[in-house]
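**Q** Handing over my_file_12.txt, compact mmCIF, C-alpha atoms.
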# COMPACT_ATOMS: atom_id res chain seq x y z
CA MET V 1 133.45 125.32 99.75
CA PRO V 2 131.66 122.07 100.64
CA ALA V 3 129.51 120.43 97.98
CA LYS V 4 125.79 121.03 98.26
CA ALA V 5 124.06 118.06 99.84
CA LYS V 6 121.60 116.12 97.69
CA PRO V 7 117.96 116.12 98.83
CA SER V 8 116.92 113.11 100.85
CA VAL V 9 115.27 110.45 98.70
CA ASN V 10 112.99 109.46 101.56
CA THR V 11 111.91 113.05 102.05
CA ILE V 12 111.14 113.41 98.35
CA ARG V 13 109.14 110.21 98.19
CA LYS V 14 107.04 111.04 101.22
CA SER V 15 106.15 114.55 100.11
CA PRO V 16 102.42 114.95 99.33
CA ILE V 17 101.43 115.39 95.69
CA LYS V 18 100.59 119.02 94.98
CA SER V 19 98.68 119.75 91.78
CA PRO V 20 99.03 123.12 90.04
CA ARG V 21 95.99 125.28 89.38
CA LYS V 22 93.98 123.44 86.74
CA GLU V 23 93.11 126.62 84.85
CA LEU V 24 96.82 127.11 84.13
CA VAL V 25 97.34 123.63 82.66
CA LYS V 26 95.53 122.12 79.67
CA TYR V 27 97.99 119.40 78.68
CA SER V 28 99.96 117.02 80.90
CA VAL V 29 102.92 115.08 79.51
CA VAL V 30 103.40 111.92 81.59
CA VAL V 31 106.71 110.05 81.40
CA PRO V 32 107.23 106.79 83.36
CA VAL V 33 110.91 106.15 84.12
CA TYR V 34 112.86 103.34 85.74
CA ASN V 35 116.66 103.55 85.86
CA GLU V 36 116.87 106.22 83.15
CA GLU V 37 119.35 108.54 84.90
CA GLU V 38 121.08 109.61 81.69
CA ASN V 39 117.89 110.05 79.66
CA VAL V 40 115.75 112.29 81.88
CA GLY V 41 117.80 115.44 81.29
CA PRO V 42 117.78 115.41 77.47
CA LEU V 43 114.17 114.20 77.38
CA SER V 44 112.85 116.93 79.69
CA ALA V 45 114.64 119.55 77.56
CA GLU V 46 113.05 118.15 74.39
CA ILE V 47 109.59 118.14 75.97
CA SER V 48 110.07 121.75 77.04
CA ALA V 49 111.06 122.74 73.51
CA ALA V 50 108.20 120.82 71.88
CA MET V 51 105.52 122.21 74.21
CA ASN V 52 106.85 125.78 74.28
CA GLY V 53 103.97 128.28 74.36
CA MET V 54 101.36 125.68 75.32
CA PRO V 55 99.64 125.54 78.74
CA TYR V 56 101.27 122.33 79.89
CA GLU V 57 103.08 120.46 82.64
CA MET V 58 105.40 117.49 82.43
CA ILE V 59 105.19 114.78 85.05
CA PHE V 60 108.02 112.29 85.37
CA VAL V 61 107.03 109.24 87.42
CA ASN V 62 110.05 107.56 88.96
CA ASP V 63 109.22 103.88 89.49
CA ALA V 64 111.53 103.32 92.48
CA SER V 65 114.67 103.49 90.36
CA THR V 66 117.82 102.00 91.87
CA ASP V 67 120.20 104.38 90.09
CA GLY V 68 120.36 108.19 90.24
CA THR V 69 117.17 108.85 88.26
CA LEU V 70 115.32 110.49 91.15
CA GLU V 71 118.24 112.73 92.05
CA ALA V 72 118.70 113.70 88.39
CA LEU V 73 115.03 114.66 88.11
CA THR V 74 115.10 116.65 91.32
CA ALA V 75 118.13 118.59 90.08
CA LEU V 76 116.19 119.57 86.94
CA LYS V 77 113.30 121.23 88.77
CA PRO V 78 114.94 124.68 89.22
CA THR V 79 115.51 125.01 85.46
CA HIS V 80 112.25 123.37 84.28
CA LYS V 81 109.40 125.23 85.94
CA THR V 82 106.76 122.98 84.38
CA LEU V 83 108.40 119.81 85.71
CA ARG V 84 106.74 117.77 88.44
CA VAL V 85 108.39 114.66 89.87
CA ILE V 86 106.40 111.81 91.39
CA SER V 87 108.16 108.82 92.89
CA HIS V 88 106.85 105.36 93.74
CA ARG V 89 108.06 103.96 97.04
CA GLU V 90 108.09 100.47 95.50
CA ASN V 91 108.64 99.37 91.92
CA SER V 92 105.23 98.84 90.33
CA GLY V 93 105.75 98.74 86.57
CA GLN V 94 105.05 100.95 83.58
CA SER V 95 101.27 100.78 83.65
CA ARG V 96 101.04 101.80 87.29
CA SER V 97 103.52 104.60 86.64
CA VAL V 98 101.36 105.92 83.81
CA ARG V 99 98.28 105.71 86.00
CA SER V 100 99.99 107.49 88.90
CA GLY V 101 100.97 110.29 86.54
CA VAL V 102 97.50 110.59 85.03
CA MET V 103 95.85 110.64 88.44
CA ALA V 104 98.16 113.46 89.54
CA ALA V 105 97.78 115.39 86.28
CA ALA V 106 96.05 118.76 86.12
CA GLY V 107 95.51 118.67 82.35
CA ASP V 108 92.36 117.32 80.73
CA ILE V 109 94.42 115.96 77.83
CA ILE V 110 97.32 113.61 78.55
CA ALA V 111 100.32 112.79 76.40
CA THR V 112 102.43 109.80 77.41
CA LEU V 113 105.80 108.75 76.07
CA ASP V 114 108.47 106.26 77.07
CA GLY V 115 111.32 107.41 79.26
CA ASP V 116 114.06 105.78 77.15
CA GLY V 117 114.22 108.64 74.67
CA GLN V 118 113.11 106.58 71.67
CA ASN V 119 109.85 108.53 71.32
CA ASP V 120 110.42 112.04 69.95
CA PRO V 121 108.59 114.71 72.01
CA ALA V 122 108.44 116.85 68.84
CA ASP V 123 105.60 114.54 67.69
CA ILE V 124 103.36 115.44 70.63
CA PRO V 125 101.88 118.72 69.31
CA ALA V 126 100.70 117.05 66.08
CA LEU V 127 98.86 114.33 68.03
CA ILE V 128 97.28 116.97 70.27
CA LYS V 129 96.22 118.99 67.22
CA LYS V 130 94.53 115.91 65.78
CA MET V 131 92.76 115.31 69.07
CA ILE V 132 91.33 118.83 69.41
CA ARG V 133 90.61 119.66 65.76
CA LYS V 134 87.19 121.16 65.05
CA ASP V 135 85.96 118.25 62.92
CA ALA V 136 87.09 115.53 65.34
CA PRO V 137 84.44 112.94 66.28
CA GLU V 138 82.57 114.04 69.38
CA ASN V 139 83.72 111.08 71.44
CA LEU V 140 87.30 110.90 70.17
CA ALA V 141 89.29 109.92 73.25
CA LEU V 142 92.63 108.61 71.96
CA VAL V 143 95.12 109.45 69.24
CA GLY V 144 97.84 106.82 69.32
CA GLY V 145 101.29 107.02 67.81
CA ARG V 146 102.32 104.45 65.23
CA ARG V 147 106.08 104.01 64.81
CA ALA V 148 106.62 104.25 61.05
CA LYS V 149 110.28 103.16 61.07
CA ARG V 150 111.21 101.42 64.28
CA LYS V 151 114.81 101.66 65.50
CA ASP V 152 114.84 98.33 67.32
CA THR V 153 116.52 94.98 66.78
CA TRP V 154 115.17 92.62 64.14
CA ALA V 155 114.05 90.20 66.85
CA LYS V 156 112.10 92.86 68.72
CA ARG V 157 110.43 94.14 65.54
CA ALA V 158 109.46 90.61 64.49
CA ALA V 159 108.04 89.80 67.92
CA SER V 160 106.03 93.02 67.92
CA ARG V 161 104.61 92.38 64.44
CA PHE V 162 103.51 88.92 65.52
CA GLY V 163 102.06 90.11 68.83
CA ASN V 164 100.29 93.07 67.28
CA GLY V 165 98.81 90.85 64.57
CA VAL V 166 97.42 88.31 67.05
CA ARG V 167 96.08 90.98 69.38
CA LYS V 168 94.46 92.98 66.57
CA TRP V 169 92.84 89.85 65.16
CA LEU V 170 91.40 88.78 68.51
CA LEU V 171 90.44 92.18 69.94
CA LYS V 172 89.59 94.12 66.75
CA ASP V 173 91.21 97.15 68.39
CA GLU V 174 92.31 98.83 65.12
CA ALA V 175 95.86 99.27 66.49
CA ASP V 176 98.90 98.32 64.41
CA ASP V 177 101.37 99.35 67.12
CA THR V 178 99.79 99.21 70.55
CA GLY V 179 103.23 98.98 72.19
CA CYS V 180 104.09 102.54 71.15
CA GLY V 181 104.45 104.63 74.30
CA LEU V 182 103.51 107.92 72.61
CA LYS V 183 99.78 108.43 72.97
CA VAL V 184 97.45 111.38 73.53
CA PHE V 185 94.16 110.75 75.31
CA LYS V 186 91.51 112.35 77.45
CA ARG V 187 92.21 112.02 81.15
CA ASP V 188 88.63 111.21 82.15
CA ALA V 189 88.36 108.52 79.48
CA PHE V 190 91.54 106.80 80.66
CA LEU V 191 90.47 106.85 84.29
CA SER V 192 87.15 105.23 83.34
CA LEU V 193 88.98 102.12 82.10
CA PRO V 194 89.40 99.04 84.32
CA TYR V 195 92.96 99.04 85.62
CA PHE V 196 95.34 96.07 85.60
CA ASP V 197 99.09 95.65 85.20
CA HIS V 198 100.22 96.04 81.56
CA ILE V 199 97.06 97.98 80.67
CA HIS V 200 99.22 100.35 78.60
CA ARG V 201 99.24 97.79 75.75
CA TYR V 202 95.45 97.46 75.75
CA ILE V 203 94.31 101.08 76.02
CA PRO V 204 92.93 101.15 72.42
CA ALA V 205 90.84 98.00 72.96
CA LEU V 206 89.52 99.23 76.30
CA MET V 207 88.69 102.66 74.86
CA LEU V 208 86.61 100.94 72.16
CA ARG V 209 84.97 98.80 74.83
CA GLU V 210 83.72 101.97 76.52
CA GLY V 211 82.31 103.32 73.25
CA TYR V 212 85.03 105.90 72.52
CA VAL V 213 86.49 106.66 69.09
CA ILE V 214 90.23 106.14 68.59
CA GLU V 215 92.60 107.27 65.83
CA PHE V 216 96.27 106.79 64.97
CA SER V 217 99.06 108.79 63.34
CA ASP V 218 102.53 107.89 62.14
CA ILE V 219 105.36 109.21 64.32
CA GLY V 220 109.14 108.95 64.39
CA HIS V 221 111.25 106.53 66.40
CA ARG V 222 114.86 106.79 67.55
CA ASN V 223 117.67 104.59 68.77
CA ARG V 224 118.16 104.36 72.51
CA GLN V 225 121.18 106.48 73.44
CA PHE V 226 121.62 105.53 77.10
CA GLY V 227 120.68 102.62 79.36
CA VAL V 228 119.13 99.28 78.46
CA SER V 229 115.65 98.03 77.67
CA LYS V 230 113.61 96.76 80.62
CA TYR V 231 111.69 94.21 78.51
CA THR V 232 112.49 90.92 76.81
CA ASN V 233 110.53 89.16 74.08
CA PHE V 234 109.97 86.12 76.29
CA GLY V 235 108.85 88.21 79.25
CA ARG V 236 106.32 90.07 77.16
CA LEU V 237 105.00 86.82 75.68
CA VAL V 238 104.39 85.26 79.09
CA VAL V 239 102.33 88.16 80.45
CA SER V 240 100.58 88.93 77.15
CA ILE V 241 98.87 85.53 77.00
CA SER V 242 97.01 85.99 80.27
CA ASP V 243 96.43 89.71 79.62
CA LEU V 244 94.94 89.02 76.20
CA ARG V 245 92.55 86.46 77.63
CA GLY V 246 91.53 88.91 80.34
CA VAL V 247 90.82 91.74 77.91
CA MET V 248 88.83 89.39 75.69
CA TRP V 249 86.73 88.47 78.74
CA LEU V 250 86.23 92.13 79.65
CA THR V 251 85.12 92.90 76.10
CA ARG V 252 82.61 90.04 76.03
CA ARG V 253 81.16 91.09 79.39
CA SER V 254 80.70 94.74 78.42
CA ARG V 255 77.24 96.31 78.11
CA ARG V 256 76.76 99.97 77.23
CA PRO V 257 73.55 101.96 77.90
CA GLY V 258 73.82 104.10 74.76
CA GLY V 259 73.94 107.27 76.84
CA VAL V 260 72.79 108.38 80.28
CA ASP V 261 70.06 110.97 80.91
CA GLU V 262 68.85 112.61 84.09
CA VAL V 263 65.08 113.12 84.15
Would you mind writing the file out in structure tokens?
**A**
Amino acid sequence: MPAKAKPSVNTIRKSPIKSPRKELVKYSVVVPVYNEEENVGPLSAEISAAMNGMPYEMIFVNDASTDGTLEALTALKPTHKTLRVISHRENSGQSRSVRSGVMAAAGDIIATLDGDGQNDPADIPALIKKMIRKDAPENLALVGGRRAKRKDTWAKRAASRFGNGVRKWLLKDEADDTGCGLKVFKRDAFLSLPYFDHIHRYIPALMLREGYVIEFSDIGHRNRQFGVSKYTNFGRLVVSISDLRGVMWLTRRSRRPGGVDEV
């Protein structure tokens, strides 16, 4: 019996985005992935287990991977009914992948996590619970994860501590670990932020700029099991200098009306 043909990548990429009925989805888990063929299967299964019983969807955003990531995701759809797969036609980076997923999301509350498997999906419900608790501040818009015990190399941990310290000092964004991919935030609040590449590292500062309240919680962190990191310390340093200056400018140029009333 001949093997079943794989779906055409071009056909998948050119299919229009179809959102589920919003009343059936309250939470959207957005996962940006680039060349994570071996990670998407285990990660989707863990998300499904963590979100079991909750009105949710998971959206994997394939950033024009050059390996079999897209095919692996497509093969998972029959067994993961909450899975949606979005694919960029050209590689556009992590921040654009997150934004594409949020724009397509049906949920009002978004959870994001990295596609390398180092974030544990089991931490998502606790962050959501903190977001929606009855005594939460009225304008709470973000609950960010803070990796308590990072499973990275010494060099990467040292570079992150230095970068986080400088950024926190200059931006006063309250974030000890802005590079953590696991975050829960309100969809409308995120889409109100000015977009630029690498925005994912400055979401706390930009949320504060818009007058929102942000909070943080400790979460777990795991070793990468498959694939390789897409970032280097030097690469992050080069882009972070110009990004930091840009966010500082945005913060200085911000004026808030203190509320808007229709009369």
**Q** Just checking: using all atoms listed in the file, which residue out of V:Ala111, V:Ala106, V:Asn35, V:Gln118 ends up closest to Glu71 (chain V)?
**A**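 Closest to Glu71 (chain V) of all the choices is V:Asn35.
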**Q** Would you work out the distance separating CA of Ser95 (chain V) from CA of Lys130 (chain V), expressed in Å to one decimal?
**A**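 Between CA of Ser95 (chain V) and CA of Lys130 (chain V) the gap works out to 24.4 Å.
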**Q** To one decimal place in Å, what is the distance between CA of Glu46 (chain V) and CA of Ile17 (chain V)?
**A**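 Between CA of Glu46 (chain V) and CA of Ile17 (chain V) the gap is 24.4 Å.
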**Q** Show me, as a PDB file with C-alpha atoms, in the coordinates of the input, the residues that have an atom within 10 Å of Ile199 (chain V) when counting all atoms listed in the file, minus same-chain residues fewer than 5 positions from it.
**A**
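The new file selection.pdb reads:
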ATOM      1  CA  GLN V  94     105.050 100.950  83.580  1.00  0.00           C
ATOM      2  CA  SER V  95     101.270 100.780  83.650  1.00  0.00           C
ATOM      3  CA  ARG V  96     101.040 101.800  87.290  1.00  0.00           C
ATOM      4  CA  VAL V  98     101.360 105.920  83.810  1.00  0.00           C
ATOM      5  CA  ARG V  99      98.280 105.710  86.000  1.00  0.00           C
ATOM      6  CA  LEU V 193      88.980 102.120  82.100  1.00  0.00           C
ATOM      7  CA  PRO V 194      89.400  99.040  84.320  1.00  0.00           C
ATOM      8  CA  PRO V 204      92.930 101.150  72.420  1.00  0.00           C
ATOM      9  CA  ALA V 205      90.840  98.000  72.960  1.00  0.00           C
ATOM     10  CA  LEU V 206      89.520  99.230  76.300  1.00  0.00           C
ATOM     11  CA  ASP V 243      96.430  89.710  79.620  1.00  0.00           C
ATOM     12  CA  VAL V 247      90.820  91.740  77.910  1.00  0.00           C
TER      13      VAL V 247
END
**Q** Find the residues with any atom within 10 Å of (90.5, 108.9, 81.5); use all atoms listed in the file and the coordinates as given in the file, and write the answer as a short mmCIF file (atom, residue, chain, number, x, y, z; two decimals) with C-alpha atoms, in the coordinates of the input.
**A**
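For reference, selection_0.cif as written:
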data_model
loop_
_atom_site.label_atom_id
_atom_site.label_comp_id
_atom_site.auth_asym_id
_atom_site.auth_seq_id
_atom_site.Cartn_x
_atom_site.Cartn_y
_atom_site.Cartn_z
CA ARG V 99 98.28 105.71 86.00
CA VAL V 102 97.50 110.59 85.03
CA MET V 103 95.85 110.64 88.44
CA ASP V 108 92.36 117.32 80.73
CA ILE V 109 94.42 115.96 77.83
CA ILE V 110 97.32 113.61 78.55
CA ALA V 141 89.29 109.92 73.25
CA LEU V 142 92.63 108.61 71.96
CA PHE V 185 94.16 110.75 75.31
CA LYS V 186 91.51 112.35 77.45
CA ARG V 187 92.21 112.02 81.15
CA ASP V 188 88.63 111.21 82.15
CA ALA V 189 88.36 108.52 79.48
CA PHE V 190 91.54 106.80 80.66
CA LEU V 191 90.47 106.85 84.29
CA SER V 192 87.15 105.23 83.34
CA LEU V 193 88.98 102.12 82.10
CA MET V 207 88.69 102.66 74.86
#
**Q** Would you compute the distance between CA of Lys77 (chain V) and CA of Lys26 (chain V)? Give it in Å to one decimal.
**A**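 Calculated distance between CA of Lys77 (chain V) and CA of Lys26 (chain V) is 20.0 Å.
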**Q** Using all atoms of region 59-67 of chain V listed in the file and a margin of 8 Å per side, can you give the axis-aligned box centre and edge lengths in Å to one decimal, as JSON?
**A**
{"center_x": 112.7, "center_y": 108.4, "center_z": 88.8, "size_x": 31.0, "size_y": 28.8, "size_z": 23.4}
**Q** Nearest to Gly115 (chain V): which of V:Ala64, V:Ile132, V:Val85, V:Val31 is it, counting only C-alpha atoms?
**A**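 Going through V:Ala64, V:Ile132, V:Val85, V:Val31 one by one, the smallest distance to Gly115 (chain V) is for V:Val31.
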**Q** Hey, what's within 7 Å of Arg84 (chain V) if we count all atoms listed in the file and toss same-chain stuff fewer than 5 positions away? As a VMD selection string, please?
**A** chain V and resid 58 to 60
**Q** My list of candidates is V:Val184, V:Ala122, V:Ile86, V:Leu73. Which is closest to Ser28 (chain V) when distances are computed with only C-alpha atoms?
**A** V:Val184
**Q** With all atoms listed in the file as the basis for distance, which of V:Asp197, V:Glu215, V:Glu57, V:Glu210 is at the shortest distance from Leu83 (chain V)?
**A**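 Looking at the shortest contact to Leu83 (chain V), the residue is V:Glu57.
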**Q** Rank V:Thr251, V:Thr69, V:Asn52, V:Thr74 by their smallest atom-to-atom distance to Tyr27 (chain V), using all atoms listed in the file, and report the top residue only.
**A**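 Among the listed residues, V:Asn52 lies closest to Tyr27 (chain V).
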**Q** Please write as a list in words the list of polymer residues whose atoms come within 12 Å of (118.3, 114.6, 75.8), counting only C-alpha atoms and keeping to the coordinates of the file.
**A**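 In the file's frame, the residues around the point are Glu36, Glu37, Glu38, Asn39, Val40, Gly41, Pro42, Leu43, Ser44, Ala45, Glu46, Ile47, Ser48, Ala49, Gly115, Asp116, Gly117, Gln118, Asn119, Asp120, Pro121, Arg222, Arg224, Gln225 and Phe226 of chain V.
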**Q** Counting all atoms listed in the file, which of V:Gly211, V:Asn62, V:Gly107, V:Gly101 gets nearest to Pro257 (chain V)?
**A**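 Residue with the minimum atom-to-atom distance to Pro257 (chain V): V:Gly211.
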**Q** Contacts of region 144-148 of chain V at 9 Å or less, counting only C-alpha atoms, minus same-chain residues fewer than 3 places along, as a list in words?
**A**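 Contacts, with the query itself left out: Asn119, Asp123, Leu127, Ala175, Asp176, Asp177, Thr178, Gly179, Cys180, Gly181, Leu182, Lys183, Val184, Phe185, Pro204, Ile214, Glu215, Phe216, Ser217, Asp218, Ile219, Gly220 and His221 of chain V.
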